[in-house]
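**Student:** Sending over a structure as structure tokens; questions will come in a sec.
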Amino acid sequence: MNTDTIAAIATGVGSGGISIIRISGNNALPVIDKIYKSKKNNKLISEQKSHTIHYGFIVDGEEVVDEVMVTVMKAPLTYTREDVVEINCHGGIVVTKKILDIVLKQGVRLAEPGEFTKRAFLNGRIDLSQAEAVCDIINAKNEMALKNSLNQLRGREFDIIKELREGILRDVAYIEAALDDPENYSLDGFSEHLLNNIDSYCKKIEKLISDSKNGKLIKEGIKTVILGKPNAGKSSLLNILVKEERAIVTDIAGTTRDTLEETVQLNEITLNIIDTAGIRKTEDVVEKIGVEKAIRIAKEADLIIYVIDSTTPLDENDEAILSLIRDKKAILLFNKSDLPPKININELKEKTDHPVIITSFINYKGLDELEKLIKEMFFKGELKLNEDILITNDRHIEAFRKALEALSMVKDSIENQMPEDFYSIDLMTAYEVLGKIIGENVEEDLINLIFSEFCMGK
Amino acid sequence: MSFVYEEYDVAVIGAGHAGCEAALACARLSLKTIMFTISVDSIAMMPCNPNIGGTSKGHLVREIDALGGEMGKNIDRTFIQSRMLNLSKGPAVHSLRAQADKMEYSKSMRMVLENTPNLTIKQAEIIDIITENNKVTGVKTSSGAIYPCKAAIICTGTYLNARCIYGETVHYTGPNGLQAATHLTEALKKLGIEMMRFKTGTPARIDKRTIDFSKMTEQKGDEKIVPFSFTNKPEDLKREQVSCWLTYTTPETHEIIRANIDRSPLFNGNIQGTGARYCPSIEDKVVRFPDKDRHQVFIEPEGNYTNEMYVSGMSSSLPEDVQVKMYRSVPGLENAQIVRNAYAIEYDCINPSQLKPTLEFKKIEGLFSAGQFNGSSGYEEAAAQGIMAGINAAMKLLGREPVVLDRSQAYIGVLIDDLITKENTEPYRMMTSRAEYRLILRQDNADLRLTKIGYKIGLIDEERYQALLRKEELIEKEINRLKNTIIGANSQVQELLKSLNSAPLTTAVTLADLIKRPELNYEMLKSIDHERKELPDDVIEQVNINIKYEGYIKRQQMQINQFKKMENKKIPEDIDYYAITGLRIEARQKLDKFRPVSIGQASRIAGVSPADISVLLIYLMQYNSKNKSE
């Protein structure tokens with residue numbers, strides 16, 4: 001019944017050495033033929049026997065993207081009862097995502113949450129008694145996807161999308177009001193006005209796409225907070241991480257919390273360090289911003305790095321912080337190890353279940369270990385966020401592209417001197433696809449806006 | 001004392017625009033039909049604006065006509081001004097509107113009804129619907145007469161427990177001082193029907209002799225008349241047309257309104273019914289749009305044989321003394337004599353989510369309803385529901401398949417689907433923006449969309465049907481010819497293009513390609529199209545539109561194909577949503593309340609998510625295969 005071809009990442013990214021991208025549908029074989037080159041011969045995957053596995057490369061045009069194993073399973077003896085291809089690649093986020101992008105570029109649609117299972121069911125693969133479970137999966141996954149989408153968009157992007165939608169809807173409402181009450185509202189000169197608006201919408205969406213592509217959204221990655229008492233070495237750590245040669249730094253000003261975020265890329269891992277306003281100046285998170293705010297930020301964080309000054313004895317502030325981070329992912333840094341300690345490291349270890357690393361920022365001691373530890377936590381999948389983020393990000397890009405496409409159709413209509421009522425059709429499409437990202441439905445928005453903004457009727 | 005009067009197939013309650021179409025449809029389909037009205041003199045009365053059609057409403061009228069209804073023919077007989085609105089815009093939003101001679105309109109419709117075989121008109125108030133096992137068996141009048149019937153169609157408009165209000169003055173009457181119907185609401189509640197209370201309003205009527213038209217802008221009718229009915233030819237409808245007049249409210253008008261706003265029953269709480277946002281009273285407009293320093297006012301004649309003029313744009317429920325001052329502050333109305341005061345009217349109606357797409361009550365077999373009683377507003381919306389309710393009552397009694405138009409077939413489909421699927425909190429008015437497939441749902445092709453359906457139903461005769469088939473054929477042939485006629489870049493062609501400010505040809509193209517250019521159309525290419533035969537205007541119009549907007553029409557057609565897939569997935573009537581655990585609680589409640597007939601309809605209910613729809617699809621698969629195996 002469904003004829004289009006879908007793809008998604010079928011494994012948790014980074015949860016092992018290997019990730020699997022699953023493609024299902026009529027075009028699964030033609031698509032893999034276009035992007036796969038065999039290692040030994042030029043045999044196409046579609047020519048291979050069903051239920052076999054092949055060694056080769058995924059290519060993007062001329063460029064070799066990754067060395068992979070491809071499993072081919074031809075209908076009907078597959079999970080979805082459609083042709084299924086699975087690409088086994090080297091588990092890193094960047095590579096996995098890139099391969100998925102290449103697949104999607106071939107006209108494959110990103111699978112909806114739970115869609116493989118849904119197809120398996122609808123195509124008769126799964127027993128009827130399992131139907132309820134399938135339903136639960138679909139709803140649960142959808143809710144999760146929307147939650148992820150919104151989590152991803154916290155801050156500026158969310159606002160931009162909202163503004164875009166408001167702008168587009170206002171344009172449509174004006175057109176529609178003029179169509180419904182032509183004696184009261186005129187569309188003279190509206191085309192030029194709209195053309196300007198569309199240019200500005202397109203620019204904003206292009207920016208959103210390029211941001212997404214650069215992975216700003218995706219690499220929001222591990223939200224990290226550095227905590228510590230004054231002078232413990234928080235800012236030194238931040239500066240070291242930021243100034244590391246391999247680090248990529250961007251300042252994202254003006255998020256919802258008026259904080260500064262530093263994005264630090266450690267190989268495939270991204271730390272998005274939430275730097276509370278002034279952390280680098282005052283060196284004093286807890287006192288300056290108050291325990292309450294620290295608690296809130298710590299709650300939102302995926303990872304807490306707690307920097308302890310080993311030359312000052314532990315006090316009630318440390319106790320407070322330790323209890324605050326008890327149920328969080330956290331790493332403790334036993335800092336200033338170049339100086340004689342005033343804290344017994346074993347005593348500290350007894351007070352916490354979190355790992356403790358001995359560091360000294362003056363001679364970069366312990367930093368490799370810190371990186372390795374984060375990576376380990378990450379790869380072990382203890383921070384379960386990256387697969388969802390990855391998928392979400394692709395959904396966003398897909399929606400942005402559709403919006404852009406719709407807007408360019410409006411532009412075509414204007415340039416071809418089509419009557420104004422033709423504009424609304426594609427404007428509404430743009431409005432709807434952007435709405436999906438932020439989980440807002442369309443329903444009566446337009447009618448409501450027409451009535452609230454325009455004085456209509458007899 | 002009650003007694004049994006004569007037996008009928010169908011009883012239509014009310015003789016407004018919905019009732020007339022419903023009764024005609026039933027009688028024309030050979031069912032023994034009786035139509036009840038509180039006053040025979042008020043058949044097809046237009047108690048508010050003196051026009052038929054307008055944006056999107058004009059579409060409804062043409063659709064009613066294409067199905068074999070009467071409204072289009074009746075306004076063609078009785079219009080005194082005709083205009084096509086939005087001509088500078090795309091063909092999808094061209095909208096026909098005609099000023100009616102109100103009295104003639106009513107008289108002419110009454111004559112049609114009185115001369116329709118199988119149709120009885122009876123002046124009486126219906127106070128009860130008699131049912132057995134949730135099935136209609138008859139209706140009862142206030143005098144105790146019982147008319148056994150198999151189906152009843154309620155078209156009571158604004159008459160149920162009606163209350164007319166301006167200022168402190170309250171009359172317990174229907175529109176125009178006509179007697180209200182005060183018993184039926186209670187009877188319906190006893191049947192388990194959920195009632196709501198809506199309000200609407202009308203402006204004052206002013207004596208023409210007291211208006212200074214020199215201070216207003218004249219609005220004449222179109223020279224080229226487009227008939228509402230596809231059965232009429234423009235040349236047969238030529239007549240003397242009257243003008244409407246445009247003037248504006250002034251800051252003084254707004255000042256008067258503001259100073260007296262506390263005396264408006266809308267604002268002091270005296271009116272509780274929900275009014276419509278698109279048909280606001282002038283006090284509403286002034287309060288809600290304080291930045292606007294003037295509002296348009298159209299002065300429209302009520303007919304050829306009266307001096308009464310309708311003051312469009314200034315409906316109100318302010319007290320009489322304020323009304324006088326307010327109207328007289330408008331340029332040209334300084335000495336205006338008010339013949340009838342403006343008033344607001346409150347009335348009982350139903351929550352239309354209780355209806356099936358056939359307009360039959362889900363709970364009561366054989367009980368149908370249409371028009372303002374269903375929470376809509378407007379003559380055209382009423383008539384559109386009337387004809388569909390009539391058709392479906394007839395189909396049911398004749399043991400035939402119901403006729404449901406979907407959103408991709410007609411504005412009528414959009415109207416009814418919106419009524420029964422959405423949470424309606426105000427009187428519903430049709431708008432072009434409500435129709436997602438409006439490029440296809442044009443007023444010019446209503447016959448091509450619906451007349452075959454009308455023929456199948458039995459409301460369109462053989463002659464009209466054959467004419468339609470011929471028209472279809474001519475359109476198709478001509479489009480094919482234009483797509484296959486190649487035009488070279490010869491000097492005659494280049495000169496013509498130059499004279500039309502169109503770019504010269506660099507290669508040979510088809511005539512269809514040329515027609516697609518925004519600055520060109522079919523007519524303009526006559527001199528270079530040597531094989532062209534004389535074709536009727538309506539055929540040329542279709543050819544031109546179909547070629548010019550081909551790309552858009554194709555895209556919309558694809559959207560419709562998607563839409564149809566979901567509409568065709570039917571949901572069994574006895575489905576128990578509370579047993580489907582995969583659905584979210586909110587979705588279960590909403591689905592249970594609306595009980596949609598298809599997956600498509602389910603997906604339009606607010607509070608039902610795409611994930612819920614997936615779950616529902618899976619459940620249906622399971623349900624169907626279980627039933628198959630049993």
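In the structure tokens, chains take letters A, B, ... by order of appearance, with residues numbered from 1 within each chain and ligands from 1 in the order shown.
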Among the residues of range 406-502 of chain B, find those DSSP assigns to helix (DSSP H, G or I) from the backbone and print them as a count of residues only.
**Tutor:** 58
**Student:** Among range 248-418 of chain B, which residues does DSSP mark as strand (DSSP E or B) when it is run on the backbone? Keep the chain and numbering as in the structure and answer as a PyMOL selection string.
**Tutor:** chain B and resi 248+274+296-301+308-315+338-340+343-350+355+360-361+365+367-369+376
**Student:** Which chain B residues are at most 7 Å from chain A (counting only C-alpha atoms), as a VMD selection string?
**Tutor:** chain B and resid 55 86 89 to 90 93 277 to 280 285 312 to 313 431 to 433 518 582 611 615 618 622
**Student:** Choose the residue, out of B:Ile206, B:Glu223, B:Met326, B:Asn374, that has the smallest atom-to-atom separation from Arg258 in chain B; count only C-alpha atoms.
**Tutor:**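 The answer is B:Met326, which sits nearest to Arg258 in chain B.
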**Student:** Using only C-alpha atoms, find the one residue out of B:Thr200, B:Pro175, B:Met195, B:Ile38 that sits nearest to Ile126 in chain B.
**Tutor:**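 Closest candidate: B:Ile38.
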**Student:** Neighbouring residues of Lys356 in chain B were defined as those with any atom within 9 Å, considering only C-alpha atoms; residues of the same chain fewer than 6 positions away were excluded. Please report them as an MDAnalysis selection string.
**Tutor:** chainID B and resid 362 420 595:597
**Student:** Next, dump the selected residues to file, keeping only N, CA and C atoms, as a PDB file, in the first residue's frame.
**Tutor:**
```
ATOM      1  N   LYS B 362     -27.128  11.220  13.828  1.00  0.00           N
ATOM      2  CA  LYS B 362     -26.542   9.917  14.118  1.00  0.00           C
ATOM      3  C   LYS B 362     -27.462   9.102  15.019  1.00  0.00           C
ATOM      4  N   ILE B 420     -19.727  19.261  10.300  1.00  0.00           N
ATOM      5  CA  ILE B 420     -19.858  18.045  11.116  1.00  0.00           C
ATOM      6  C   ILE B 420     -18.539  17.601  11.733  1.00  0.00           C
ATOM      7  N   ARG B 595     -17.367  10.635  15.768  1.00  0.00           N
ATOM      8  CA  ARG B 595     -17.594   9.382  15.044  1.00  0.00           C
ATOM      9  C   ARG B 595     -17.468   9.554  13.532  1.00  0.00           C
ATOM     10  N   PRO B 596     -16.239   9.845  13.079  1.00  0.00           N
ATOM     11  CA  PRO B 596     -16.018  10.095  11.647  1.00  0.00           C
ATOM     12  C   PRO B 596     -16.311   8.865  10.808  1.00  0.00           C
ATOM     13  N   VAL B 597     -16.684   9.110   9.531  1.00  0.00           N
ATOM     14  CA  VAL B 597     -17.010   7.983   8.661  1.00  0.00           C
ATOM     15  C   VAL B 597     -15.783   7.427   7.954  1.00  0.00           C
TER      16      VAL B 597
END
```
